[in-house]
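File shown: coords_26.tsv (TSV, C-alpha atoms).
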```tsv
chain	number	residue	atom	x	y	z
H	1	MET	CA	0.35	53.47	42.47
H	2	GLY	CA	0.26	55.52	45.65
H	3	ILE	CA	-2.59	53.40	47.05
H	4	HIS	CA	-2.69	52.33	50.70
H	5	PRO	CA	-1.48	48.69	51.04
H	6	LYS	CA	-4.69	47.67	52.82
H	7	MET	CA	-6.70	49.06	49.91
H	8	LEU	CA	-4.60	46.97	47.51
H	9	LEU	CA	-5.30	43.97	49.74
H	10	SER	CA	-9.00	44.78	49.53
H	11	ILE	CA	-8.80	44.75	45.72
H	12	CYS	CA	-7.00	41.39	45.73
H	13	LEU	CA	-9.51	39.92	48.16
H	14	ALA	CA	-12.47	41.22	46.13
H	15	ILE	CA	-11.39	40.25	42.60
H	16	TYR	CA	-11.20	36.49	43.23
H	17	PRO	CA	-14.77	36.14	44.61
H	18	LEU	CA	-15.97	38.42	41.81
H	19	GLY	CA	-14.66	35.86	39.33
H	20	LEU	CA	-16.01	33.07	41.51
H	21	LEU	CA	-19.43	34.74	41.39
H	22	LEU	CA	-19.40	34.89	37.60
H	23	GLY	CA	-18.34	31.26	37.35
H	24	SER	CA	-20.74	29.89	39.92
H	25	MET	CA	-23.69	31.69	38.29
H	26	TYR	CA	-23.36	29.46	35.24
H	27	ILE	CA	-21.03	26.50	35.82
H	28	GLY	CA	-23.35	24.55	38.12
H	29	ALA	CA	-26.38	25.14	35.91
H	30	LEU	CA	-24.49	24.27	32.73
H	31	SER	CA	-23.33	21.01	34.29
H	32	ASP	CA	-27.02	20.05	34.58
H	33	ILE	CA	-27.11	20.17	30.77
H	34	PHE	CA	-23.63	19.30	29.49
H	35	GLY	CA	-22.73	16.81	32.22
H	36	ARG	CA	-20.71	17.02	35.42
H	37	LYS	CA	-17.46	15.53	34.12
H	38	LYS	CA	-17.02	17.66	31.00
H	39	THR	CA	-17.83	20.85	32.89
H	40	LEU	CA	-15.39	20.02	35.67
H	41	THR	CA	-12.65	19.06	33.20
H	42	ILE	CA	-12.80	22.35	31.29
H	43	THR	CA	-12.91	24.49	34.43
H	44	LEU	CA	-10.06	22.63	36.13
H	45	VAL	CA	-7.85	23.18	33.08
H	46	GLY	CA	-8.68	26.89	33.36
H	47	ALA	CA	-7.87	26.86	37.07
H	48	VAL	CA	-4.41	25.37	36.43
H	49	LEU	CA	-3.77	28.10	33.85
H	50	GLY	CA	-4.99	30.76	36.29
H	51	TYR	CA	-2.49	29.76	38.98
H	52	VAL	CA	0.40	29.56	36.50
H	53	LEU	CA	-0.45	33.07	35.26
H	54	THR	CA	-0.62	34.30	38.86
H	55	ALA	CA	2.92	33.05	39.46
H	56	TRP	CA	4.06	34.73	36.23
H	57	ALA	CA	2.49	38.03	37.34
H	58	ILE	CA	4.37	37.89	40.65
H	59	TRP	CA	7.67	37.21	38.90
H	60	SER	CA	6.92	40.11	36.54
H	61	GLU	CA	5.93	42.35	39.48
H	62	SER	CA	2.65	43.17	37.71
H	63	PHE	CA	-0.15	44.01	40.15
H	64	VAL	CA	-2.65	44.32	37.28
H	65	GLY	CA	-1.56	40.95	35.90
H	66	PHE	CA	-1.90	39.43	39.36
H	67	VAL	CA	-5.45	40.75	39.75
H	68	LEU	CA	-6.50	39.51	36.29
H	69	ALA	CA	-5.02	36.07	36.93
H	70	ARG	CA	-6.88	35.82	40.23
H	71	PHE	CA	-10.07	36.80	38.40
H	72	LEU	CA	-9.57	33.93	35.91
H	73	SER	CA	-8.92	31.49	38.77
H	74	GLY	CA	-12.11	32.63	40.46
H	75	ILE	CA	-14.23	32.09	37.35
H	76	CYS	CA	-12.97	28.54	36.91
H	77	GLU	CA	-13.26	27.64	40.59
H	78	GLY	CA	-16.96	28.36	40.49
H	79	ASN	CA	-17.03	24.63	39.71
H	80	ILE	CA	-17.36	23.88	43.44
H	81	SER	CA	-21.13	23.97	42.83
H	82	VAL	CA	-20.71	20.96	40.51
H	83	ALA	CA	-18.95	19.04	43.27
H	84	ARG	CA	-21.84	19.79	45.65
H	85	ALA	CA	-24.35	18.64	43.03
H	86	ILE	CA	-22.47	15.35	42.67
H	87	ALA	CA	-22.47	14.93	46.46
H	88	VAL	CA	-26.25	15.26	46.79
H	89	GLU	CA	-26.80	12.96	43.82
H	90	LEU	CA	-25.11	10.10	45.67
H	91	GLU	CA	-28.40	9.50	47.45
H	92	PRO	CA	-29.68	6.80	48.11
H	93	VAL	CA	-26.22	5.20	48.26
H	94	ILE	CA	-25.49	7.69	51.04
H	95	SER	CA	-27.76	10.45	52.37
H	96	LYS	CA	-27.52	14.05	51.16
H	97	ALA	CA	-26.39	15.17	54.60
H	98	ARG	CA	-23.65	12.52	54.67
H	99	GLY	CA	-22.51	13.26	51.11
H	100	LEU	CA	-22.32	17.00	51.75
H	101	SER	CA	-20.61	16.54	55.13
H	102	LEU	CA	-17.90	14.43	53.46
H	103	MET	CA	-17.50	17.03	50.72
H	104	TYR	CA	-17.19	19.80	53.28
H	105	SER	CA	-14.67	17.71	55.21
H	106	ALA	CA	-12.57	17.50	52.05
H	107	THR	CA	-12.93	21.27	51.57
H	108	TYR	CA	-11.93	22.00	55.16
H	109	SER	CA	-8.95	19.65	54.80
H	110	GLY	CA	-7.81	21.77	51.87
H	111	TRP	CA	-8.26	24.89	53.99
H	112	LEU	CA	-6.05	23.26	56.62
H	113	ILE	CA	-3.29	22.02	54.31
H	114	GLY	CA	-3.25	25.15	52.13
H	115	PRO	CA	-2.54	27.73	54.86
H	116	VAL	CA	0.02	25.42	56.45
H	117	LEU	CA	1.86	25.07	53.14
H	118	GLY	CA	1.52	28.80	52.51
H	119	GLY	CA	2.71	29.79	55.96
H	120	PHE	CA	5.74	27.54	56.08
H	121	LEU	CA	6.79	27.46	52.40
H	122	VAL	CA	6.53	31.20	51.79
H	123	VAL	CA	10.27	31.41	52.53
H	124	PHE	CA	10.83	29.88	49.07
H	125	GLY	CA	8.88	32.66	47.35
H	126	VAL	CA	5.27	33.70	46.87
H	127	ALA	CA	5.17	32.79	43.16
H	128	GLU	CA	6.27	29.27	43.98
H	129	LEU	CA	3.25	28.86	46.26
H	130	PHE	CA	0.92	29.53	43.34
H	131	LEU	CA	2.78	26.92	41.28
H	132	ILE	CA	2.14	24.45	44.10
H	133	ALA	CA	-1.55	25.40	43.88
H	134	ALA	CA	-1.45	24.78	40.12
H	135	PHE	CA	0.03	21.35	40.78
H	136	GLY	CA	-2.79	20.63	43.24
H	137	MET	CA	-5.35	21.58	40.59
H	138	LEU	CA	-3.58	19.33	38.12
H	139	LEU	CA	-3.86	16.40	40.54
H	140	SER	CA	-7.58	17.14	40.89
H	141	LEU	CA	-7.91	17.08	37.12
H	142	LEU	CA	-6.14	13.71	36.84
H	143	LEU	CA	-8.29	12.24	39.62
H	144	LEU	CA	-11.42	13.50	37.87
H	145	VAL	CA	-10.45	11.94	34.54
H	146	LEU	CA	-9.61	8.59	36.14
H	147	VAL	CA	-12.46	8.24	38.63
H	148	LEU	CA	-15.61	10.15	37.69
H	149	PRO	CA	-17.90	8.22	35.30
H	150	ASN	CA	-18.69	9.68	31.90
H	151	ASP	CA	-22.09	11.31	31.28
H	152	GLU	CA	-21.76	11.94	27.56
H	153	ALA	CA	-25.21	10.61	26.69
H	154	LYS	CA	-26.88	13.20	28.87
H	155	GLU	CA	-24.74	15.91	27.34
H	156	GLU	CA	-25.59	15.02	23.73
H	157	LYS	CA	-29.29	14.75	24.44
H	158	GLN	CA	-29.57	18.04	26.24
H	159	SER	CA	-27.11	20.24	24.37
H	160	GLU	CA	-29.02	19.86	21.08
H	161	LYS	CA	-31.93	21.77	22.60
H	162	HIS	CA	-30.07	24.95	23.43
H	163	THR	CA	-27.76	27.46	21.79
H	164	ILE	CA	-24.92	29.00	23.78
H	165	LYS	CA	-26.70	32.37	23.80
H	166	GLN	CA	-29.85	30.78	25.20
H	167	LEU	CA	-27.86	28.99	27.87
H	168	ILE	CA	-26.14	32.17	29.00
H	169	ARG	CA	-29.46	33.96	29.27
H	170	SER	CA	-31.47	31.20	30.93
H	171	GLN	CA	-29.09	28.90	32.79
H	172	ASN	CA	-27.86	31.01	35.65
H	173	ALA	CA	-28.24	30.36	39.35
H	174	PHE	CA	-30.00	33.63	40.15
H	175	GLY	CA	-32.92	32.59	37.99
H	176	LEU	CA	-34.01	30.54	41.01
H	177	LEU	CA	-34.82	33.76	42.85
H	178	LYS	CA	-37.93	34.06	40.72
H	179	ASN	CA	-39.27	31.42	43.11
H	180	ARG	CA	-40.25	33.50	46.13
H	181	MET	CA	-40.20	30.47	48.42
H	182	ILE	CA	-36.41	30.49	48.28
H	183	TRP	CA	-36.03	34.09	49.44
H	184	PRO	CA	-36.08	33.52	53.24
H	185	VAL	CA	-33.21	31.03	53.22
H	186	PHE	CA	-31.41	33.12	50.60
H	187	GLY	CA	-31.66	36.18	52.86
H	188	PHE	CA	-30.36	34.25	55.84
H	189	TYR	CA	-27.44	32.78	53.92
H	190	PHE	CA	-26.51	36.11	52.35
H	191	LEU	CA	-26.26	37.87	55.74
H	192	TYR	CA	-24.61	34.84	57.33
H	193	THR	CA	-21.90	34.66	54.68
H	194	LEU	CA	-21.31	38.41	54.86
H	195	GLY	CA	-20.42	37.94	58.53
H	196	LEU	CA	-18.54	34.70	57.94
H	197	ASN	CA	-16.39	36.27	55.21
H	198	ALA	CA	-15.63	39.24	57.46
H	199	PHE	CA	-13.97	36.66	59.69
H	200	TYR	CA	-12.39	34.56	56.91
H	201	GLU	CA	-10.85	37.46	55.04
H	202	PHE	CA	-9.65	39.65	57.87
H	203	TYR	CA	-8.67	37.54	60.86
H	204	PRO	CA	-5.11	37.32	59.44
H	205	VAL	CA	-5.03	41.14	59.33
H	206	TRP	CA	-6.24	41.22	62.93
H	207	PHE	CA	-3.48	38.79	63.92
H	208	VAL	CA	-0.86	41.07	62.40
H	209	ASP	CA	-2.34	44.26	63.88
H	210	GLU	CA	-2.97	42.81	67.34
H	211	PHE	CA	-0.02	40.43	67.83
H	212	SER	CA	2.43	41.26	65.00
H	213	ALA	CA	1.94	37.62	64.05
H	214	THR	CA	4.11	35.83	61.49
H	215	PRO	CA	2.64	33.73	58.66
H	216	GLN	CA	3.64	30.64	60.65
H	217	THR	CA	1.63	31.80	63.68
H	218	ILE	CA	-1.44	32.48	61.55
H	219	ALA	CA	-1.07	29.09	59.86
H	220	THR	CA	-0.91	27.34	63.24
H	221	CYS	CA	-4.13	28.98	64.44
H	222	THR	CA	-5.77	28.12	61.13
H	223	ILE	CA	-4.93	24.47	61.83
H	224	PHE	CA	-6.99	24.64	65.03
H	225	LEU	CA	-9.87	26.25	63.13
H	226	THR	CA	-9.98	23.81	60.24
H	227	ALA	CA	-9.27	20.72	62.35
H	228	ALA	CA	-12.42	21.50	64.35
H	229	MET	CA	-14.37	22.03	61.12
H	230	ILE	CA	-13.18	18.71	59.69
H	231	THR	CA	-13.98	16.77	62.87
H	232	VAL	CA	-17.48	18.18	63.33
H	233	SER	CA	-18.36	17.91	59.64
H	234	SER	CA	-17.11	14.32	59.36
H	235	PHE	CA	-18.55	12.81	62.54
H	236	PHE	CA	-21.30	15.02	63.98
H	237	VAL	CA	-23.13	16.92	61.22
H	238	PRO	CA	-25.27	13.98	59.96
H	239	LYS	CA	-26.32	13.18	63.54
H	240	ILE	CA	-27.12	16.84	64.23
H	241	GLN	CA	-29.19	17.00	61.06
H	242	GLU	CA	-31.18	13.90	62.06
H	243	SER	CA	-31.76	15.14	65.63
H	244	TRP	CA	-32.45	18.84	65.08
H	245	GLY	CA	-33.32	19.29	61.43
H	246	GLU	CA	-31.70	21.82	59.12
H	247	VAL	CA	-33.42	24.99	60.36
H	248	LYS	CA	-32.71	24.46	64.07
H	249	ALA	CA	-29.10	23.47	63.31
H	250	MET	CA	-28.61	26.62	61.20
H	251	LEU	CA	-29.99	28.75	64.05
H	252	VAL	CA	-27.76	27.15	66.69
H	253	GLY	CA	-24.62	27.18	64.57
H	254	ALA	CA	-25.07	30.79	63.43
H	255	THR	CA	-25.92	32.01	66.96
H	256	CYS	CA	-22.76	30.44	68.37
H	257	LEU	CA	-20.71	31.93	65.54
H	258	ALA	CA	-22.10	35.42	66.19
H	259	VAL	CA	-21.25	35.24	69.90
H	260	LEU	CA	-17.72	34.01	69.16
H	261	LEU	CA	-17.10	36.79	66.62
H	262	PHE	CA	-18.02	39.32	69.31
H	263	ILE	CA	-15.60	37.63	71.73
H	264	GLN	CA	-12.61	37.13	69.42
H	265	PRO	CA	-11.30	40.73	69.20
H	266	PHE	CA	-10.95	40.91	72.98
H	267	VAL	CA	-9.02	37.71	73.75
H	268	GLY	CA	-5.28	37.28	74.05
H	269	MET	CA	-2.88	35.06	72.17
H	270	THR	CA	-3.10	32.34	74.83
H	271	GLU	CA	-6.86	31.88	74.44
H	272	ILE	CA	-7.27	32.55	70.73
H	273	ARG	CA	-6.52	29.00	69.57
H	274	TRP	CA	-9.40	27.60	71.63
H	275	VAL	CA	-11.69	30.36	70.42
H	276	PHE	CA	-10.79	29.27	66.89
H	277	VAL	CA	-11.69	25.68	67.76
H	278	ALA	CA	-15.13	26.84	68.90
H	279	ILE	CA	-15.54	29.01	65.79
H	280	GLY	CA	-14.65	26.03	63.59
H	281	CYS	CA	-17.33	23.88	65.27
H	282	ALA	CA	-19.98	26.58	64.76
H	283	ILE	CA	-19.04	27.12	61.10
H	284	ALA	CA	-19.16	23.38	60.34
H	285	VAL	CA	-22.71	23.09	61.68
H	286	GLY	CA	-24.06	26.19	59.94
H	287	ASN	CA	-22.32	25.61	56.61
H	288	SER	CA	-23.43	22.00	56.17
H	289	MET	CA	-27.12	22.58	56.83
H	290	VAL	CA	-27.78	25.22	54.15
H	291	PRO	CA	-26.97	23.07	51.06
H	292	THR	CA	-28.84	20.11	52.53
H	293	PHE	CA	-31.91	22.28	53.02
H	294	LEU	CA	-31.66	23.83	49.55
H	295	SER	CA	-31.15	20.44	47.89
H	296	THR	CA	-34.14	18.88	49.63
H	297	ALA	CA	-36.53	21.79	49.13
H	298	PHE	CA	-35.48	22.98	45.65
H	299	GLY	CA	-33.44	20.17	44.09
H	300	HIS	CA	-36.22	19.50	41.57
H	301	LEU	CA	-35.24	22.81	39.92
H	302	GLY	CA	-31.77	21.40	39.12
H	303	GLN	CA	-29.17	20.39	41.69
H	304	GLY	CA	-26.35	22.12	39.82
H	305	LYS	CA	-28.31	25.36	39.63
H	306	VAL	CA	-29.30	25.15	43.31
H	307	MET	CA	-25.72	24.59	44.43
H	308	GLY	CA	-24.65	27.36	42.06
H	309	LEU	CA	-26.99	29.76	43.85
H	310	GLN	CA	-25.41	28.89	47.18
H	311	THR	CA	-21.90	29.41	45.80
H	312	SER	CA	-22.91	32.64	44.05
H	313	THR	CA	-24.41	34.00	47.26
H	314	PHE	CA	-21.19	33.23	49.09
H	315	CYS	CA	-19.20	35.01	46.37
H	316	ILE	CA	-21.35	38.14	46.43
H	317	ALA	CA	-20.94	38.31	50.19
H	318	ASN	CA	-17.21	37.72	49.84
H	319	PHE	CA	-16.87	40.56	47.33
H	320	ILE	CA	-18.97	43.01	49.33
H	321	ILE	CA	-17.21	42.39	52.63
H	322	ALA	CA	-13.80	42.64	50.94
H	323	VAL	CA	-14.72	46.08	49.58
H	324	ILE	CA	-16.14	47.25	52.93
H	325	GLY	CA	-13.67	45.51	55.21
H	326	GLY	CA	-10.50	46.83	53.55
H	327	PRO	CA	-11.15	50.50	54.38
H	328	LEU	CA	-12.58	49.54	57.78
H	329	THR	CA	-9.37	47.74	58.77
H	330	ILE	CA	-7.45	50.97	58.18
H	331	ILE	CA	-9.32	52.28	61.22
H	332	SER	CA	-9.14	48.99	63.15
H	333	SER	CA	-9.36	45.34	62.12
H	334	LYS	CA	-11.39	44.73	65.29
H	335	TYR	CA	-14.26	46.66	63.76
H	336	THR	CA	-14.37	44.28	60.78
H	337	LEU	CA	-14.67	41.25	63.05
H	338	LEU	CA	-17.36	42.94	65.15
H	339	LEU	CA	-19.23	43.85	61.97
H	340	GLY	CA	-19.12	40.15	61.10
H	341	GLY	CA	-20.75	39.32	64.42
H	342	VAL	CA	-23.51	41.87	63.83
H	343	LEU	CA	-24.24	40.49	60.35
H	344	VAL	CA	-24.42	36.86	61.53
H	345	LEU	CA	-26.67	37.85	64.43
H	346	THR	CA	-28.95	39.68	61.97
H	347	ALA	CA	-29.10	36.51	59.86
H	348	VAL	CA	-30.15	34.55	62.96
H	349	CYS	CA	-32.93	37.03	63.71
H	350	LEU	CA	-34.19	36.81	60.12
H	351	LEU	CA	-34.23	33.01	60.11
H	352	TRP	CA	-35.85	32.92	63.55
H	353	TYR	CA	-38.64	35.14	62.23
H	354	GLN	CA	-39.06	32.93	59.15
H	355	ARG	CA	-38.52	29.56	60.84
H	356	HIS	CA	-42.15	28.36	60.69
H	357	SER	CA	-42.50	28.91	56.94
H	358	GLN	CA	-39.11	27.28	56.35
H	359	ASN	CA	-40.05	24.16	58.32
H	360	ALA	CA	-43.35	23.96	56.48
H	361	LEU	CA	-41.54	24.26	53.15
H	362	LEU	CA	-39.11	21.47	54.00
H	363	LYS	CA	-41.92	19.13	55.13
H	364	THR	CA	-43.76	19.81	51.86
H	365	ALA	CA	-40.62	19.07	49.82
H	366	VAL	CA	-39.99	15.82	51.69
```
Once you've parsed the file, please lay out its structure as structure tokens.
Amino acid sequence: MGIHPKMLLSICLAIYPLGLLLGSMYIGALSDIFGRKKTLTITLVGAVLGYVLTAWAIWSESFVGFVLARFLSGICEGNISVARAIAVELEPVISKARGLSLMYSATYSGWLIGPVLGGFLVVFGVAELFLIAAFGMLLSLLLLVLVLPNDEAKEEKQSEKHTIKQLIRSQNAFGLLKNRMIWPVFGFYFLYTLGLNAFYEFYPVWFVDEFSATPQTIATCTIFLTAAMITVSSFFVPKIQESWGEVKAMLVGATCLAVLLFIQPFVGMTEIRWVFVAIGCAIAVGNSMVPTFLSTAFGHLGQGKVMGLQTSTFCIANFIIAVIGGPLTIISSKYTLLLGGVLVLTAVCLLWYQRHSQNALLKTAV
């Protein structure tokens, strides 16, 4: 099409979170009404179809088909908010912090295994990688059907009260923003995820620009990143939450992340793996505290809707930074990483300014 390859990359990076945004706006909230299991089942079937269509688009060499298939996958994978709602609803069997830390550990494990598979199996073809992803989604679907209890009674009782049109208009995550008490933490998380996604989306580009790195090299460094995230989330996050509280932990984790994003563009290949370990630790702390805080303070408004707001915020940030970061990397990928540091630091300043009202809100909710 005569478009710069990095601009095409920007489109690909933006279209998936755009679909994810659309899905997360409604899927979590609808699961509050129709039940967790049915909602997850339908969306996982759609996710399998999305990955199969992505593989078909690659075989057909259709960029438009590829983008549309990624959009479909994004819509269906907005169901992560349902998984978070299930995690917080495990209380009192296990605490919210523990349930969410285990869920994040599972997520980070996927982020570890996925890039490793992608980096080392790409020699067999890109389309084949998306078929592997479809198979992974199919395994998730089978596990869901076999393990998760039914909640049909809740579905029948609630669904009779609403038409589909009413649900679309009323049951969306952003309706929570009518509650002004949620705005401070929403503002923090929005800026934080803008900076975080600047790192997530474009550190592979920086690797290629700076070191001419191969997919295998990028996958290896990603192992260091995600292994640190898994370890901290599994063993340290609940203890940090008990000792510091959510607000202090968010401040510390985000501050460390901002500093590391400023450092990363100026280190060499020898040091970068250990920088990634430190970044992974900071991300694990910051990421795990936000849903715990939101669930405790606003869970009475609907856990699925609350978790949907978090996911939707992440998706908006993902989309925006993909659109901005693509053109910026044409100048230099370092600038995108530094922009990420500035955004995270701004989020820290905002939360620091609002910290007293946030602590008061959490004490009131408890």
Please build the interface table for segment 259-353 of chain H against segment 54-76 of chain H with a cut-off of 12 Å, listing for each qualifying residue the nearest atom pair and the distance in Å to one decimal; count all atoms listed in the file, order rows by chain and increasing number, and write it as a Markdown table.
```
| residue | atom | partner | partner_atom | distance |
| --- | --- | --- | --- | --- |
| H:Thr311 | CA | H:Gly74 | CA | 11.6 |
| H:Ser312 | CA | H:Ile75 | CA | 11.0 |
| H:Cys315 | CA | H:Gly74 | CA | 9.5 |
| H:Asn318 | CA | H:Gly74 | CA | 11.8 |
| H:Phe319 | CA | H:Gly74 | CA | 11.5 |
```
Nearest to Lys248 of chain H among H:Ile279, H:Met25, H:Ala228, H:Val285, with distances taken over all atoms listed in the file: which residue is it?
->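 Between H:Ile279, H:Met25, H:Ala228, H:Val285, the residue approaching Lys248 of chain H most closely is H:Val285.
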Nearest to Ile320 of chain H: which of H:Ser105, H:Asn150, H:Thr193, H:Asn79 is it, counting all atoms listed in the file?
-> H:Thr193
Would you please work out which residue, of H:Val290, H:Val323, H:Val306, H:Ser333, is nearest to Tyr104 of chain H when using all atoms listed in the file?
->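 Nearest candidate to Tyr104 of chain H out of H:Val290, H:Val323, H:Val306, H:Ser333: H:Val290.
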So, counting only C-alpha atoms, which residue among H:Leu338, H:Leu143, H:Leu257, H:Ala97 is closest to Phe293 of chain H?
->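 The answer is H:Ala97, which sits nearest to Phe293 of chain H.
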Would you mind listing what lies within 8 Å of segment 265-275 of chain H as a compact mmCIF listing (two decimals) with C-alpha atoms, in the frame of the given file, with all atoms listed in the file counted and same-chain residues fewer than 2 positions away left out?
```
# COMPACT_ATOMS: atom_id res chain seq x y z
CA PHE H 211 -0.02 40.43 67.83
CA CYS H 221 -4.13 28.98 64.44
CA PHE H 224 -6.99 24.64 65.03
CA LEU H 225 -9.87 26.25 63.13
CA LEU H 260 -17.72 34.01 69.16
CA LEU H 261 -17.10 36.79 66.62
CA PHE H 262 -18.02 39.32 69.31
CA ILE H 263 -15.60 37.63 71.73
CA VAL H 277 -11.69 25.68 67.76
CA ALA H 278 -15.13 26.84 68.90
CA ILE H 279 -15.54 29.01 65.79
CA LYS H 334 -11.39 44.73 65.29
CA LEU H 337 -14.67 41.25 63.05
CA LEU H 338 -17.36 42.94 65.15
```
Calculate how many Å separate atom CA of Ser233 of chain H from atom CA of Val247 of chain H, rounding to one decimal.
->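 Atom CA of Ser233 of chain H sits 16.7 Å away from atom CA of Val247 of chain H.
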Length of the atom CA of Ile324 of chain H to atom CA of Gly28 of chain H vector [Å] |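 Computing it gives 28.0 Å between the two atoms.
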Which residues come within 10 Å of Gly325 of chain H, counting all atoms listed in the file, excluding same-chain residues fewer than 5 positions away, as a ChimeraX atom specification?
-> /H:6-7,10,13,197-199,201-202,319-320,330,332-333,335-337,339-340
